[in-house]
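*Asks:* My file is start.cif. It has mmCIF, C-alpha atoms:
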```cif
data_entry
loop_
_atom_site.label_atom_id
_atom_site.label_comp_id
_atom_site.auth_asym_id
_atom_site.auth_seq_id
_atom_site.Cartn_x
_atom_site.Cartn_y
_atom_site.Cartn_z
CA MET A 1 84.64 27.72 28.25
CA ALA A 2 83.30 24.57 26.69
CA ALA A 3 85.51 21.51 27.16
CA LEU A 4 88.38 21.87 24.69
CA ALA A 5 86.78 24.63 22.66
CA LYS A 6 88.15 24.99 19.15
CA VAL A 7 89.16 28.60 18.67
CA GLY A 8 90.14 29.78 15.21
CA VAL A 9 92.99 32.21 14.77
CA LEU A 10 92.76 34.14 11.51
CA ALA A 11 96.10 33.11 9.99
CA LEU A 12 96.47 35.53 7.08
CA GLN A 13 98.98 37.89 8.72
CA GLY A 14 100.08 39.00 12.16
CA ASP A 15 100.69 37.43 15.57
CA VAL A 16 99.05 34.08 14.81
CA GLY A 17 101.49 31.88 16.75
CA GLU A 18 101.42 34.03 19.87
CA HIS A 19 97.61 33.94 20.05
CA ALA A 20 97.57 30.19 19.38
CA GLN A 21 100.06 29.61 22.20
CA ALA A 22 98.03 31.71 24.67
CA LEU A 23 94.84 29.82 23.77
CA ALA A 24 96.54 26.43 24.10
CA GLU A 25 97.98 27.37 27.51
CA LEU A 26 94.42 28.09 28.66
CA GLY A 27 93.12 24.71 27.50
CA ALA A 28 91.55 25.67 24.17
CA GLU A 29 92.41 24.03 20.86
CA PRO A 30 93.72 26.71 18.48
CA VAL A 31 92.96 26.22 14.78
CA GLU A 32 94.68 28.34 12.13
CA VAL A 33 92.04 29.64 9.70
CA ARG A 34 93.16 30.44 6.16
CA ARG A 35 90.23 29.13 4.09
CA PRO A 36 86.43 29.21 4.42
CA HIS A 37 86.04 25.48 5.15
CA GLN A 38 88.22 25.88 8.27
CA LEU A 39 85.61 28.19 9.82
CA SER A 40 83.00 25.47 10.09
CA GLY A 41 84.85 23.60 12.82
CA VAL A 42 85.57 26.49 15.20
CA ASP A 43 83.53 27.77 18.15
CA ALA A 44 85.10 31.26 18.20
CA ILE A 45 87.76 33.26 16.39
CA VAL A 46 90.68 35.58 17.14
CA LEU A 47 91.55 38.31 14.64
CA PRO A 48 95.18 39.18 15.42
CA GLY A 49 97.14 42.36 15.00
CA GLY A 50 98.94 43.05 11.74
CA GLU A 51 98.16 45.54 9.00
CA SER A 52 94.40 46.04 8.69
CA THR A 53 94.29 46.98 4.99
CA THR A 54 96.48 43.99 4.08
CA ILE A 55 94.36 41.61 6.16
CA SER A 56 91.22 43.09 4.58
CA LYS A 57 92.58 42.36 1.08
CA LEU A 58 93.66 38.85 2.12
CA LEU A 59 90.18 38.17 3.53
CA ASP A 60 88.81 38.89 0.05
CA SER A 61 91.43 36.95 -1.93
CA SER A 62 91.08 33.90 0.36
CA GLU A 63 87.28 34.14 0.05
CA LEU A 64 87.02 34.30 3.85
CA PHE A 65 85.32 37.67 4.23
CA GLU A 66 81.71 36.65 3.57
CA PRO A 67 81.79 33.31 5.48
CA LEU A 68 83.40 35.00 8.48
CA ALA A 69 80.91 37.88 8.30
CA GLN A 70 78.08 35.32 8.34
CA ARG A 71 79.48 33.51 11.38
CA LEU A 72 79.86 36.84 13.21
CA ARG A 73 76.24 37.79 12.37
CA GLU A 74 75.19 34.42 13.82
CA GLY A 75 76.85 35.36 17.12
CA MET A 76 80.20 33.60 16.98
CA PRO A 77 82.47 34.95 19.76
CA ALA A 78 85.41 36.96 18.43
CA PHE A 79 88.46 38.66 19.91
CA GLY A 80 90.13 41.31 17.76
CA THR A 81 93.47 42.82 18.71
CA CYS A 82 94.93 45.97 17.12
CA ALA A 83 94.18 45.39 13.40
CA GLY A 84 91.52 42.91 14.54
CA MET A 85 89.80 45.74 16.41
CA ILE A 86 89.72 47.76 13.20
CA LEU A 87 88.33 44.83 11.22
CA LEU A 88 85.53 44.19 13.73
CA ALA A 89 84.43 47.85 14.07
CA THR A 90 81.43 49.39 12.31
CA GLU A 91 83.39 52.44 11.14
CA VAL A 92 87.08 52.81 10.23
CA LEU A 93 88.47 56.35 10.29
CA ASP A 94 91.56 57.09 8.16
CA GLY A 95 91.16 53.76 6.37
CA ARG A 96 91.44 53.12 2.66
CA ALA A 97 88.30 53.78 0.63
CA ASP A 98 88.06 50.10 -0.34
CA GLN A 99 88.74 48.77 3.17
CA ARG A 100 85.91 46.66 4.55
CA SER A 101 85.14 45.81 8.15
CA PHE A 102 82.71 43.37 9.75
CA GLY A 103 80.65 45.81 11.86
CA ALA A 104 80.50 43.28 14.71
CA VAL A 105 81.00 45.90 17.42
CA ASP A 106 79.50 49.41 17.31
CA LEU A 107 82.70 51.45 17.28
CA ALA A 108 84.32 54.16 15.20
CA VAL A 109 88.03 53.32 15.27
CA ARG A 110 90.88 55.55 14.10
CA ARG A 111 93.81 53.69 12.53
CA ASN A 112 97.34 54.40 13.85
CA ALA A 113 95.82 56.93 16.25
CA PHE A 114 98.63 56.72 18.80
CA GLY A 115 101.25 57.37 16.09
CA ARG A 116 103.73 55.52 13.93
CA GLN A 117 105.93 52.53 14.81
CA VAL A 118 108.44 54.77 16.65
CA ASP A 119 105.59 55.97 18.90
CA SER A 120 104.89 52.45 20.21
CA PHE A 121 104.57 52.23 23.98
CA GLU A 122 103.56 50.09 26.92
CA ALA A 123 101.00 51.06 29.55
CA GLU A 124 99.56 49.42 32.62
CA LEU A 125 95.78 49.35 32.32
CA ASP A 126 93.07 49.04 34.90
CA VAL A 127 90.70 46.58 33.23
CA GLU A 128 87.13 46.44 34.48
CA GLY A 129 86.20 42.93 35.57
CA VAL A 130 89.75 41.57 35.47
CA PRO A 131 91.27 40.96 38.92
CA GLY A 132 94.96 40.79 39.68
CA GLY A 133 96.14 44.38 39.30
CA GLY A 134 97.17 46.37 36.24
CA TYR A 135 97.31 44.73 32.83
CA PRO A 136 100.56 45.24 30.83
CA ALA A 137 99.41 46.49 27.41
CA VAL A 138 101.72 46.76 24.38
CA PHE A 139 100.63 49.41 21.83
CA ILE A 140 102.21 49.20 18.34
CA ARG A 141 100.83 51.59 15.67
CA ALA A 142 97.68 51.26 17.69
CA PRO A 143 94.17 52.44 16.90
CA TYR A 144 91.80 53.94 19.41
CA VAL A 145 88.07 54.34 19.66
CA GLU A 146 86.57 57.72 18.81
CA ARG A 147 82.96 56.61 19.25
CA ALA A 148 81.48 53.71 21.18
CA GLY A 149 77.82 52.81 20.75
CA GLU A 150 75.42 52.50 23.67
CA ALA A 151 75.62 48.69 23.67
CA VAL A 152 79.42 48.74 23.94
CA GLU A 153 81.02 48.13 27.31
CA VAL A 154 84.33 50.02 27.72
CA LEU A 155 86.70 47.93 29.84
CA ALA A 156 89.86 50.10 29.71
CA ARG A 157 91.03 53.51 28.51
CA VAL A 158 94.26 55.34 27.71
CA ASP A 159 94.25 59.15 27.77
CA GLY A 160 90.46 59.06 27.85
CA HIS A 161 90.18 56.89 24.72
CA PRO A 162 88.61 53.43 24.96
CA VAL A 163 91.22 50.77 24.13
CA LEU A 164 89.46 47.61 25.34
CA CYS A 165 85.76 47.11 24.60
CA ARG A 166 83.14 44.38 24.51
CA GLN A 167 79.75 44.08 22.87
CA GLY A 168 78.01 40.77 23.43
CA PRO A 169 80.37 37.94 22.45
CA VAL A 170 82.84 40.27 20.69
CA MET A 171 85.84 41.76 22.52
CA VAL A 172 88.35 44.13 20.93
CA ALA A 173 91.66 45.56 22.11
CA ALA A 174 93.71 48.37 20.56
CA PHE A 175 96.86 46.70 21.88
CA HIS A 176 98.59 43.30 21.67
CA PRO A 177 97.70 41.08 24.66
CA GLU A 178 99.45 38.16 22.95
CA LEU A 179 102.79 39.95 23.47
CA SER A 180 102.37 40.69 27.18
CA GLY A 181 102.78 37.21 28.62
CA ASP A 182 99.61 37.89 30.65
CA LEU A 183 96.79 35.49 29.75
CA ARG A 184 93.96 37.24 31.61
CA LEU A 185 92.34 38.83 28.53
CA HIS A 186 92.45 35.60 26.54
CA GLU A 187 90.90 33.95 29.59
CA LEU A 188 88.19 36.64 29.72
CA PHE A 189 87.45 36.04 26.04
CA LEU A 190 87.26 32.26 26.49
CA ARG A 191 84.48 32.70 29.05
CA GLU A 192 82.24 33.64 26.08
CA VAL A 193 83.03 30.40 24.22
#
```
Would you kindly transcribe this structure into C-alpha coordinates?
*Replies:*
Amino acid sequence: MAALAKVGVLALQGDVGEHAQALAELGAEPVEVRRPHQLSGVDAIVLPGGESTTISKLLDSSELFEPLAQRLREGMPAFGTCAGMILLATEVLDGRADQRSFGAVDLAVRRNAFGRQVDSFEAELDVEGVPGGGYPAVFIRAPYVERAGEAVEVLARVDGHPVLCRQGPVMVAAFHPELSGDLRLHELFLREV
(Lines of atoms letter the chains of each structure in order from A and count residues from 1; the text may use other names and numbers.)
(Lines give C-alpha, C1' and ligand atoms only; values in the text may rest on other atoms or scores of the structure.)
Protein backbone atom coordinates (compact mmCIF):
# COMPACT_ATOMS: atom_id res chain seq x y z
CA MET A 1 0.00 0.00 0.00
CA ALA A 2 1.21 3.46 -0.83
CA ALA A 3 1.94 5.64 2.20
CA LEU A 4 -1.42 6.81 3.52
CA ALA A 5 -3.39 5.79 0.46
CA LYS A 6 -6.71 7.59 0.07
CA VAL A 7 -9.39 4.96 -0.38
CA GLY A 8 -12.88 6.06 -1.35
CA VAL A 9 -15.89 4.35 0.17
CA LEU A 10 -19.00 4.74 -1.99
CA ALA A 11 -21.25 6.46 0.56
CA LEU A 12 -24.68 6.24 -1.07
CA GLN A 13 -26.04 3.36 1.03
CA GLY A 14 -24.80 0.42 3.06
CA ASP A 15 -21.96 -0.33 5.49
CA VAL A 16 -19.94 2.82 4.79
CA GLY A 17 -18.75 3.44 8.36
CA GLU A 18 -17.65 -0.14 8.94
CA HIS A 19 -15.51 -0.17 5.79
CA ALA A 20 -14.05 3.25 6.62
CA GLN A 21 -13.10 2.04 10.10
CA ALA A 22 -11.42 -1.11 8.75
CA LEU A 23 -9.42 0.94 6.22
CA ALA A 24 -8.36 3.47 8.86
CA GLU A 25 -7.23 0.70 11.22
CA LEU A 26 -4.96 -0.56 8.43
CA GLY A 27 -3.38 2.86 7.87
CA ALA A 28 -5.35 4.06 4.85
CA GLU A 29 -7.24 7.34 4.72
CA PRO A 30 -10.92 6.59 4.02
CA VAL A 31 -12.83 9.18 1.98
CA GLU A 32 -16.62 9.04 1.70
CA VAL A 33 -17.59 9.43 -1.97
CA ARG A 34 -21.02 10.88 -2.73
CA ARG A 35 -20.27 13.17 -5.69
CA PRO A 36 -18.12 12.92 -8.83
CA HIS A 37 -15.52 15.49 -7.72
CA GLN A 38 -14.70 13.31 -4.68
CA LEU A 39 -13.45 10.53 -6.97
CA SER A 40 -10.54 12.58 -8.26
CA GLY A 41 -8.66 12.46 -4.97
CA VAL A 42 -8.86 8.72 -4.25
CA ASP A 43 -6.42 5.95 -5.17
CA ALA A 44 -8.96 3.10 -4.87
CA ILE A 45 -12.60 2.56 -3.96
CA VAL A 46 -14.76 0.24 -1.87
CA LEU A 47 -18.33 -0.48 -3.00
CA PRO A 48 -20.11 -1.65 0.17
CA GLY A 49 -23.02 -3.96 0.69
CA GLY A 50 -26.55 -2.59 0.67
CA GLU A 51 -29.30 -2.97 -1.91
CA SER A 52 -27.82 -3.18 -5.41
CA THR A 53 -30.79 -1.75 -7.33
CA THR A 54 -31.04 1.20 -4.92
CA ILE A 55 -27.30 1.88 -5.13
CA SER A 56 -27.51 1.63 -8.94
CA LYS A 57 -30.26 4.29 -9.00
CA LEU A 58 -28.33 6.50 -6.56
CA LEU A 59 -25.21 6.22 -8.75
CA ASP A 60 -27.27 7.70 -11.59
CA SER A 61 -29.00 10.43 -9.57
CA SER A 62 -25.70 11.53 -7.98
CA GLU A 63 -24.07 11.53 -11.44
CA LEU A 64 -21.40 9.15 -10.13
CA PHE A 65 -21.96 6.21 -12.47
CA GLU A 66 -20.03 7.43 -15.51
CA PRO A 67 -17.06 8.99 -13.63
CA LEU A 68 -16.69 5.85 -11.52
CA ALA A 69 -16.98 3.64 -14.61
CA GLN A 70 -14.19 5.68 -16.24
CA ARG A 71 -11.90 5.33 -13.21
CA LEU A 72 -12.52 1.57 -13.15
CA ARG A 73 -11.71 1.31 -16.88
CA GLU A 74 -8.46 3.16 -16.15
CA GLY A 75 -7.52 0.45 -13.64
CA MET A 76 -8.46 1.95 -10.29
CA PRO A 77 -8.39 -0.79 -7.61
CA ALA A 78 -11.85 -1.63 -6.26
CA PHE A 79 -13.27 -3.88 -3.56
CA GLY A 80 -16.96 -4.74 -3.84
CA THR A 81 -18.79 -6.52 -1.05
CA CYS A 82 -22.24 -8.12 -1.43
CA ALA A 83 -24.13 -5.45 -3.44
CA GLY A 84 -20.71 -4.12 -4.48
CA MET A 85 -19.96 -7.51 -6.05
CA ILE A 86 -23.16 -7.24 -8.07
CA LEU A 87 -22.32 -3.70 -9.18
CA LEU A 88 -18.82 -4.67 -10.34
CA ALA A 89 -19.87 -7.82 -12.26
CA THR A 90 -20.32 -8.01 -16.03
CA GLU A 91 -23.67 -9.78 -15.78
CA VAL A 92 -26.40 -9.54 -13.12
CA LEU A 93 -28.87 -12.43 -12.99
CA ASP A 94 -32.31 -11.76 -11.45
CA GLY A 95 -31.66 -8.02 -11.52
CA ARG A 96 -34.04 -5.31 -12.62
CA ALA A 97 -34.15 -4.64 -16.36
CA ASP A 98 -32.83 -1.10 -15.83
CA GLN A 99 -30.09 -2.10 -13.38
CA ARG A 100 -26.59 -1.22 -14.59
CA SER A 101 -23.29 -2.67 -13.49
CA PHE A 102 -19.69 -1.65 -14.15
CA GLY A 103 -18.41 -4.86 -15.79
CA ALA A 104 -15.08 -4.51 -13.95
CA VAL A 105 -14.80 -8.22 -13.20
CA ASP A 106 -15.87 -10.99 -15.61
CA LEU A 107 -18.59 -12.62 -13.51
CA ALA A 108 -22.23 -13.57 -13.83
CA VAL A 109 -23.67 -12.94 -10.36
CA ARG A 110 -27.09 -14.04 -9.09
CA ARG A 111 -28.74 -11.62 -6.67
CA ASN A 112 -30.01 -12.98 -3.31
CA ALA A 113 -28.86 -16.44 -4.40
CA PHE A 114 -28.45 -17.78 -0.86
CA GLY A 115 -32.00 -16.70 0.05
CA ARG A 116 -33.83 -13.94 1.85
CA GLN A 117 -32.84 -12.05 5.01
CA VAL A 118 -34.01 -14.95 7.23
CA ASP A 119 -31.59 -17.25 5.36
CA SER A 120 -28.54 -15.19 6.39
CA PHE A 121 -25.66 -17.24 7.75
CA GLU A 122 -22.03 -17.26 8.77
CA ALA A 123 -19.38 -19.60 7.37
CA GLU A 124 -15.68 -20.10 7.92
CA LEU A 125 -13.91 -19.86 4.58
CA ASP A 126 -10.56 -21.13 3.43
CA VAL A 127 -9.25 -18.15 1.47
CA GLU A 128 -6.47 -18.77 -1.02
CA GLY A 129 -3.45 -16.60 -0.29
CA VAL A 130 -4.68 -15.44 3.13
CA PRO A 131 -2.77 -17.00 6.04
CA GLY A 132 -4.07 -17.31 9.57
CA GLY A 133 -6.76 -19.99 9.32
CA GLY A 134 -10.41 -19.77 8.32
CA TYR A 135 -12.01 -16.44 7.53
CA PRO A 136 -15.32 -15.66 9.32
CA ALA A 137 -17.72 -14.64 6.53
CA VAL A 138 -21.14 -13.07 7.16
CA PHE A 139 -23.68 -13.69 4.35
CA ILE A 140 -26.80 -11.46 4.32
CA ARG A 141 -29.14 -11.80 1.30
CA ALA A 142 -25.95 -12.73 -0.46
CA PRO A 143 -25.28 -13.20 -4.16
CA TYR A 144 -23.08 -15.89 -5.60
CA VAL A 145 -21.18 -16.36 -8.81
CA GLU A 146 -22.70 -18.58 -11.49
CA ARG A 147 -19.97 -17.94 -14.05
CA ALA A 148 -16.41 -16.75 -13.63
CA GLY A 149 -14.36 -15.77 -16.67
CA GLU A 150 -10.95 -17.24 -17.41
CA ALA A 151 -9.12 -14.17 -16.07
CA VAL A 152 -10.93 -14.38 -12.72
CA GLU A 153 -9.11 -15.89 -9.75
CA VAL A 154 -11.50 -17.65 -7.34
CA LEU A 155 -10.20 -17.22 -3.78
CA ALA A 156 -13.03 -18.90 -1.80
CA ARG A 157 -16.18 -20.94 -2.34
CA VAL A 158 -19.34 -21.95 -0.47
CA ASP A 159 -21.22 -25.05 -1.63
CA GLY A 160 -19.16 -25.02 -4.82
CA HIS A 161 -20.08 -21.42 -5.69
CA PRO A 162 -17.34 -18.77 -5.87
CA VAL A 163 -17.92 -16.14 -3.16
CA LEU A 164 -14.57 -14.31 -3.20
CA CYS A 165 -12.92 -13.46 -6.52
CA ARG A 166 -10.24 -11.20 -7.95
CA GLN A 167 -9.47 -9.98 -11.45
CA GLY A 168 -6.50 -7.65 -11.69
CA PRO A 169 -6.97 -4.79 -9.21
CA VAL A 170 -10.64 -5.63 -8.53
CA MET A 171 -11.68 -7.92 -5.67
CA VAL A 172 -15.28 -8.89 -4.91
CA ALA A 173 -16.90 -10.75 -2.02
CA ALA A 174 -20.45 -12.10 -1.78
CA PHE A 175 -20.32 -11.53 1.98
CA HIS A 176 -19.64 -8.68 4.42
CA PRO A 177 -15.99 -8.65 5.59
CA GLU A 178 -16.60 -5.29 7.26
CA LEU A 179 -18.87 -7.05 9.79
CA SER A 180 -16.47 -9.84 10.74
CA GLY A 181 -13.93 -7.89 12.76
CA ASP A 182 -11.24 -9.64 10.69
CA LEU A 183 -9.18 -7.17 8.64
CA ARG A 184 -7.32 -9.68 6.45
CA LEU A 185 -9.42 -9.13 3.30
CA HIS A 186 -9.21 -5.35 3.55
CA GLU A 187 -5.47 -5.82 4.00
CA LEU A 188 -5.33 -8.06 0.92
CA PHE A 189 -7.18 -5.40 -1.07
CA LEU A 190 -4.86 -2.62 0.11
CA ARG A 191 -1.89 -4.48 -1.33
CA GLU A 192 -3.26 -3.48 -4.77
CA VAL A 193 -3.30 0.23 -3.88
*Asks:* At what distance in Å, to one decimal, does CA of Val158 in chain A lie from CA of Gln13 in chain A?
*Replies:* 26.2 Å
*Asks:* Which of these, A:Glu51, A:Glu18, A:Glu32, A:Glu124, has the shortest distance to Leu87 in chain A once you count all atoms listed in the file?
*Replies:*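 Among the listed residues, A:Glu51 lies closest to Leu87 in chain A.
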*Asks:* Just checking: using only C-alpha atoms, which residue out of A:Leu125, A:Val172, A:Leu12, A:Leu155 ends up closest to Thr53 in chain A?
*Replies:*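 Among the listed residues, the smallest separation from Thr53 in chain A belongs to A:Leu12.
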*Asks:* For Gly8 in chain A, which residue among A:Glu25, A:Glu187, A:Asp43, A:Glu91 is the nearest when counting only C-alpha atoms?
*Replies:* A:Asp43
*Asks:* Name the residues in contact with Pro30 in chain A at a cut-off of 8 Å, using all atoms listed in the file, excluding same-chain residues fewer than 2 positions from it; report them as an NGL selection string.
*Replies:* :A and (6-9 or 20-21 or 23-24 or 28 or 32)
*Asks:* Apply the PyMOL selection byres ((chain A and resi 144) around 7) to the structure shown and report the selected residues as a PyMOL selection string.
*Replies:* chain A and resi 109-110+113+142-143+145-146+161-163+174
*Asks:* Tell me which protein, DNA and RNA residues are within 12 Å of Pro67 in chain A, counting all atoms listed in the file, leaving out same-chain ones fewer than 2 positions away, and put them as a list of chain:residue names.
*Replies:* A:Val33, A:Arg34, A:Arg35, A:Pro36, A:His37, A:Gln38, A:Leu39, A:Ser40, A:Leu59, A:Asp60, A:Ser62, A:Glu63, A:Leu64, A:Phe65, A:Ala69, A:Gln70, A:Arg71, A:Leu72, A:Arg73, A:Glu74, A:Met76, A:Phe102
*Asks:* Could the residues in this selection be written to a file with C-alpha atoms, as an mmCIF file, in the coordinates of the input?
*Replies:*
```cif
data_model
loop_
_atom_site.group_PDB
_atom_site.id
_atom_site.type_symbol
_atom_site.label_atom_id
_atom_site.label_comp_id
_atom_site.auth_asym_id
_atom_site.auth_seq_id
_atom_site.Cartn_x
_atom_site.Cartn_y
_atom_site.Cartn_z
ATOM 1 C CA VAL A 33 92.040 29.640 9.700
ATOM 2 C CA ARG A 34 93.160 30.440 6.160
ATOM 3 C CA ARG A 35 90.230 29.130 4.090
ATOM 4 C CA PRO A 36 86.430 29.210 4.420
ATOM 5 C CA HIS A 37 86.040 25.480 5.150
ATOM 6 C CA GLN A 38 88.220 25.880 8.270
ATOM 7 C CA LEU A 39 85.610 28.190 9.820
ATOM 8 C CA SER A 40 83.000 25.470 10.090
ATOM 9 C CA LEU A 59 90.180 38.170 3.530
ATOM 10 C CA ASP A 60 88.810 38.890 0.050
ATOM 11 C CA SER A 62 91.080 33.900 0.360
ATOM 12 C CA GLU A 63 87.280 34.140 0.050
ATOM 13 C CA LEU A 64 87.020 34.300 3.850
ATOM 14 C CA PHE A 65 85.320 37.670 4.230
ATOM 15 C CA ALA A 69 80.910 37.880 8.300
ATOM 16 C CA GLN A 70 78.080 35.320 8.340
ATOM 17 C CA ARG A 71 79.480 33.510 11.380
ATOM 18 C CA LEU A 72 79.860 36.840 13.210
ATOM 19 C CA ARG A 73 76.240 37.790 12.370
ATOM 20 C CA GLU A 74 75.190 34.420 13.820
ATOM 21 C CA MET A 76 80.200 33.600 16.980
ATOM 22 C CA PHE A 102 82.710 43.370 9.750
#
```
*Asks:* Care to translate the PyMOL selection byres ((chain A and resi 148) around 6) into actual residues of this file, as a PyMOL selection string?
*Replies:* chain A and resi 107+147+149
*Asks:* I need the residues from that last selection saved to file as an mmCIF file, in the frame of the given file (with C-alpha atoms), if you can.
*Replies:*
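Okay, this is what ended up in selection-v7.cif:
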```cif
data_model
loop_
_atom_site.group_PDB
_atom_site.id
_atom_site.type_symbol
_atom_site.label_atom_id
_atom_site.label_comp_id
_atom_site.auth_asym_id
_atom_site.auth_seq_id
_atom_site.Cartn_x
_atom_site.Cartn_y
_atom_site.Cartn_z
ATOM 1 C CA LEU A 107 82.700 51.450 17.280
ATOM 2 C CA ARG A 147 82.960 56.610 19.250
ATOM 3 C CA GLY A 149 77.820 52.810 20.750
#
```
*Asks:* Find the distance between CA of Leu88 in chain A and CA of Glu66 in chain A and write it in Å to one decimal.
*Replies:*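 Computing the Euclidean distance for CA of Leu88 in chain A and CA of Glu66 in chain A yields 13.2 Å.
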*Asks:* Written as number ranges by chain, what is the full residue list that the PyMOL selection byres ((chain A and resi 154) around 7) yields on the file shown?
*Replies:* A: 152-153, 155-156, 162, 164-166
*Asks:* Here is a test: counting all atoms listed in the file, which residue of A:Ala44, A:Cys82, A:Ala151, A:Ala104 is nearest to Val138 in chain A?
*Replies:*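 For Val138 in chain A, the nearest of the given residues is A:Cys82.
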*Asks:* Excluding Gly84 in chain A and residues on its chain fewer than 6 positions from it, collect all residues at most 7 Å away from it, counting all atoms listed in the file, and give them as a count of residues only.
*Replies:* 3
*Asks:* Calculated over all atoms listed in the file, which of the candidates A:Glu150, A:Asp182, A:Asp98, A:Asp159 has the smallest distance to Tyr135 in chain A?
*Replies:* A:Asp182
*Asks:* Distance cut-off 10 Å, centre (105.9, 39.5, 21.2) in file coordinates, counting only C-alpha atoms: which residues qualify? Return them as a list in words.
*Replies:*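 Here is the list of nearby residues: Asp15, Gly17, Glu18, Val138, His176, Pro177, Glu178, Leu179, Ser180 and Gly181 of chain A.
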*Asks:* Please write out, as lines of an AutoDock Vina configuration file, where the centre of an axis-aligned box around all listed atoms of range 23-34 of chain A lies and how long its edges are, in Å to one decimal, after adding 3 Å on each side.
*Replies:*
```
center_x = 94.8
center_y = 27.2
center_z = 17.4
size_x = 12.4
size_y = 12.4
size_z = 28.5
```
*Asks:* Check the smallest atom-to-atom distance from each of A:Val31, A:Gly160, A:Leu4, A:Arg184 to Gly133 in chain A using all atoms listed in the file, then report the winner.
*Replies:*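 Selected residue with least distance to Gly133 in chain A: A:Arg184.
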*Asks:* Please measure the separation of CA of Arg141 in chain A and CA of Arg111 in chain A, giving the value in Å to one decimal.
*Replies:*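 Spanning CA of Arg141 in chain A to CA of Arg111 in chain A is a straight-line distance of 8.0 Å.
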